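To keep things clear, I will list the structure first and then write my remarks on it.
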Amino acid sequence: MNTVPLGSLAAGRRAHVAGFVQEDAFAQRLMQLGLIEGAGVAILRCAPSGDPIEISVMGYALSLRRAEANLILVIPEPT
Amino acid sequence: MTAQPSTPTPRRVVVTLGNPNTGKSTLFNALTGLNQRVGNFPGVTVEHLSGTLNLPCGTVNLVDLPGTYSLSAQSPDEMVTVDVLMGRVAEVGRPDVVLLILDGTNLRRNLFLASQVLEIGLPVVIALSMTDLLERQGVALNLPRLGALLGAPVVPVLAGKGEGLEAVKGSLEQALTAPQPSSLRLNPALAEAVQTMVAELAGAGIAAAATEVERALIDEQGYAEKRLCDRGGEPWRERLAATRQALGQGRNLATLEARDRYSWINKVLAEVEQRSARRAGWREALDRYLNHPLWGSLAFVLSMAVVFQSVFAWATPLMDVIDGGVTALSGHVRGSLPPGLLTDFVVNGIIAGVGSVVIFLPQILMLFAFIILLEDSGYMSRAAFLVDRLMRWCGLSGQSFIPMLSSFACAVPGIMGTRVIANPRDRLATILAAPFMTCSARLPVYALLISAFVPARSWLGGLINLQGLVLLAFYLLGMLGAIVTAYLVTRLRRSESTSRFLMEMPPYRMPSLRSAGLKLLARARIFLYRAGTLIFSVTLVVWVLSAFPRTSTGDSPNAKSPSMEASYLGRMSQALTPAFAPLGWDWKVTAAVVASLPAREVVIAVLGTLYAVEASDAAGEARLITRLQDARHPDGRKVFSLPMALGLMVFYALCLQCVSTLAVMRRETNSWKWPAIAWVYMTSLGYLGALACFQLGSAF
């Protein structure tokens with residue numbers, strides 16, 4: 001399975017979490033917020049300059065910067 | 001706030017805990033009403049509300065903890081929740097019951113914190129909020145089953161409408177009279193390892209609670225581990241690492257915790273939650289527009305214009321009323337009391353002191369009304385989302401935007417507004433940068449000096465004029481100071497928290513006006529009690545310095561200032577003059593600056609006194625301008641040359657001459673360290689700026 005950084009996906013794309021670039025405190029915080037292995041995520045929209053981005057996970061919306069999203073590795077669903 | 005006789009036994013304690021945006025504070029406000037006060041925990045910047053609640057079994061203390069997604073802590077601020085739950089915070093006492101608030105529309109994520117809390121072993125009552133939105137979202141919950149699986153009573157509540165409050169009180173009553181400690185165990189191996197370590201620590205003379213040790217194990221390099229090793233020494237770090245290795249078998253314990261908890265949550269929800277097709281509502285449609293790159297930006301600019309306009313302009317009439325009231329009261333007192341020390345004390349000490357506190361209230365209330373409504377409705381997160389990129393180039397995040405913007409009106413509400421910033425480092429950077437923004441108290445100083453010393457030249461038929469350009473330059477200078485300061489703080493200070501913009505986007509909600517009103521009242525109280533007393537005392541000190549020693553001229557009818565030259569303040573200024581001579585200042589300017597250290601806008605009144613004009617009306621101000629233009633050094637040189645006047649304005653632009661700002665800085669950072677640093681930093685910048693301006697300007 002090919003994983004890509006979450007931040008590389010365009011608005012509207014869906015994916016499943018595969019893991020993190022680094023299992024540090026930030027990754028822990030993301031996991032506590034529901035971004036655990038296998039969880040479904042969707043890119044809802046981007047801010048005016050394309051950053052930060054808003055994603056949907058566990059049925060709620062979360063915003064984070066693209067650089068932060070790139071620490072999350074995902075398996076994209078086919079478009 | 002209640003004046004009840006002291007009870008023989010200590011009051012029982014209920015703490016409210018929950019994720020942010022669950023309606024926790026609305027429930028707290030509905031339960032306690034006006035019986036609440038704001039308190040700070042020792043050593044940290046987070047604050048808590050505490051209030052009282054009357055139950056059949058007696059009056060209990062209700063303590064509202066900061067909203068959190070998890071018990072893991074990277075900083076002392078985040079550790080407060082664990083410490084309170086463990087009964088380690090003396091101000092709170094040992095909690096008897098935890099009132100856990102869960103958002104019914106977002107149970108999956110909310111249950112993460114619940115699973116951690118239910119493992120502690122305290123009696124728990126669960127209030128399920130937002131239940132009116134469940135049907136619309138196509139969600140049906142089996143509440144009795146949920147309660148049985150969690151091992152705690154689950155009560156649906158709509159605090160904004162007052163529904164379910166009696167049921168919550170009933171469950172609390174039952175939990176207090178017949179406590180049933182929660183008994184969830186998700187990872188027996190972990191619990192066993194924790195118990196072993198607790199016993200070992202106790203053997204070494206270190207009292208540590210199970211939850212504390214569990215967090216130290218799971219949150220590698222987190223605050224719990226740091227504190228444990230600070231207390232016990234480095235061997236415990238190795239001991240923790242070895243235990244992690246044994247438990248994790250090569251996997252990170254934090255990853256395992258998240259996986260364990262969410263798989264338990266999935267099992268629970270599979271039994272209690274039924275989802276049917278979700279109806280797309282107005283909330284989703286609203287978000288498409290309010291977060292849209294174009295429409296969203298327009299809506300943002302519009303809403304900020306309203307906020308800014310209200311703080312800057314609509315508060316002014318109210319402030320004028322207060323100002324007029326203070327002046328009228330002073331005049332009345334001066335007219336009805338015989339001239340002398342007592343009258344002078346009442347007018348220039350007490351009335352002026354109280355006036356200088358109350359004058360800030362309109363702006364603070366106005367700004368906070370907006371901030372509370374923007375936060376409670378859910379728009380604040382959208383606004384931060386839209387401007388994050390813009391704020392990032394000076395090291396800040398979108399959450400700093402509103403505090404910075406409102407500091408154009410006044411840094412006091414701006415600094416109080418930094419509470420919306422989640423990251424402690426960004427919050428500190430914003431607090432230190434905010435006083436640079438050109439506040440409304442600087443404007444009269446600029447207006448006076450610019451009209452006196454900057455030639456009134458205009459170009460393009462009056463479209464551009466030199467005086468306006470100079471004023472703009474000073475606004476830009478303030479912004480530059482703020483940007484550089486924010487940049488320096490964010491670069492120099494390592495972030496304690498790793499996330500910099502991770503933020504939930506809560507669904508739009510109708511704010512509860514009652515709850516918003518109570519929050520506003522809490523802010524006003526904080527300002528009046530905590531900052532107000534300090535501002536008042538400093539005003540009194542300045543009055544004493546300028547009114548004493550009493551000289552023979554003190555009996556003159558002009559009771560405003562008997563003799564500034566002979567007063568302590570005048571003498572101090574004359575002693576300080578050599579230090580300010582390189583800036584081109586004489587003793588009178590020095591006295592005016594020293595007297596305006598507590599509040600910069602005072603400078604005009606002091607200059608008026610020193611140059612013997614009543615500068616309270618337009619004609620008086622015109623006379624003051626002429627006097628200033630004619631003022632000369634003993635050697636005949638003009639005091640107010642253009643470089644000196646510009647230098648003086650630079651000083652006012654950069655210097656922190658505002659005791660109110662220092663007082664709220666102290667209050668918001670919970671230490672004197674940062675106000676002291678800010679004061680030294682800004683005063684040095686002001687001095688150097690004025691020095692450069694005068695010396696360079698005079699050289700040409």
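Starting from 1 in every chain, residues are counted up; chains themselves are A, B, ... following the order of the structure tokens, and ligands are numbered from 1 as listed.
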- Message: I want to know what sits within 10 Å of A:Glu68, based on only C-alpha atoms, with residues of the same chain fewer than 6 positions away left out; could you give that as number ranges by chain?
- Response: A: 5-7, 26-27, 30, 52-53; B: 499-502
- Would you kindly report the residues of chain A within 12 Å of chain B, using only C-alpha atoms, as a PyMOL selection string? chain A and resi 19-20+22-39+44-69+71
Go ahead and dump the residues you just picked, C-alpha atoms, as a compact mmCIF listing (two decimals), in the first residue's frame.
```txt
# COMPACT_ATOMS: atom_id res chain seq x y z
CA GLY A 19 0.68 6.10 10.70
CA PHE A 20 2.91 9.02 11.54
CA GLN A 22 7.38 10.37 13.87
CA GLU A 23 5.70 8.96 16.98
CA ASP A 24 6.21 12.01 19.18
CA ALA A 25 4.04 14.09 21.50
CA PHE A 26 2.34 15.77 18.55
CA ALA A 27 1.45 12.40 17.03
CA GLN A 28 0.11 11.35 20.44
CA ARG A 29 -2.13 14.41 20.54
CA LEU A 30 -3.44 13.63 17.06
CA MET A 31 -4.11 10.02 18.04
CA GLN A 32 -6.01 11.15 21.13
CA LEU A 33 -8.12 13.32 18.86
CA GLY A 34 -9.03 10.23 16.88
CA LEU A 35 -6.41 10.06 14.13
CA ILE A 36 -5.54 6.44 14.90
CA GLU A 37 -4.44 3.83 12.44
CA GLY A 38 -7.34 2.90 10.18
CA ALA A 39 -9.49 5.96 10.99
CA LEU A 44 -13.02 19.43 3.92
CA ARG A 45 -11.47 22.69 2.72
CA CYS A 46 -8.40 24.92 2.75
CA ALA A 47 -7.95 28.48 4.05
CA PRO A 48 -7.52 31.27 1.43
CA SER A 49 -3.79 30.77 0.85
CA GLY A 50 -4.17 26.97 0.87
CA ASP A 51 -3.06 26.68 4.47
CA PRO A 52 -4.20 25.68 7.11
CA ILE A 53 -6.57 22.90 6.09
CA GLU A 54 -9.78 21.61 7.65
CA ILE A 55 -10.28 17.88 7.90
CA SER A 56 -13.06 15.65 9.13
CA VAL A 57 -12.28 12.78 11.49
CA MET A 58 -14.47 10.70 13.85
CA GLY A 59 -17.43 12.79 12.74
CA TYR A 60 -16.09 16.21 13.70
CA ALA A 61 -13.99 18.91 12.04
CA LEU A 62 -10.40 19.71 12.92
CA SER A 63 -8.11 22.33 11.43
CA LEU A 64 -4.36 22.06 11.26
CA ARG A 65 -1.52 23.47 9.23
CA ARG A 66 -0.42 21.70 6.08
CA ALA A 67 3.04 21.10 7.55
CA GLU A 68 1.39 19.45 10.56
CA ALA A 69 -0.91 17.42 8.32
CA LEU A 71 3.26 14.36 9.61
```
- Between B:Pro95, B:Pro549, B:Pro675, B:Gly340, smallest distance to B:Leu428 by only C-alpha atoms belongs to B:Pro675
- With only C-alpha atoms as the basis for distance, which of B:Met197, B:Ser303, B:Ile464, B:Lys267 is at the shortest distance from B:Ile402?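 The answer is B:Ser303, which sits nearest to B:Ile402.
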- Task: Name the residues of chain A that fall into strand (DSSP E) according to DSSP on the backbone, using the chain letters and numbers of this document, as a ChimeraX atom specification.
- Result: /A:4-5,14-20,40-46,53-57,60-64,72-76
- Query: B:Phe536: which residues within 9 Å, counting only C-alpha atoms, same-chain residues fewer than 2 positions away excluded, as a ChimeraX atom specification?
  - Reply: /B:349-350,352-357,531-534,538-541
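In this model, the gap between atom CA of B:Glu601 and atom CA of B:Ser310 comes to 21.1 Å.
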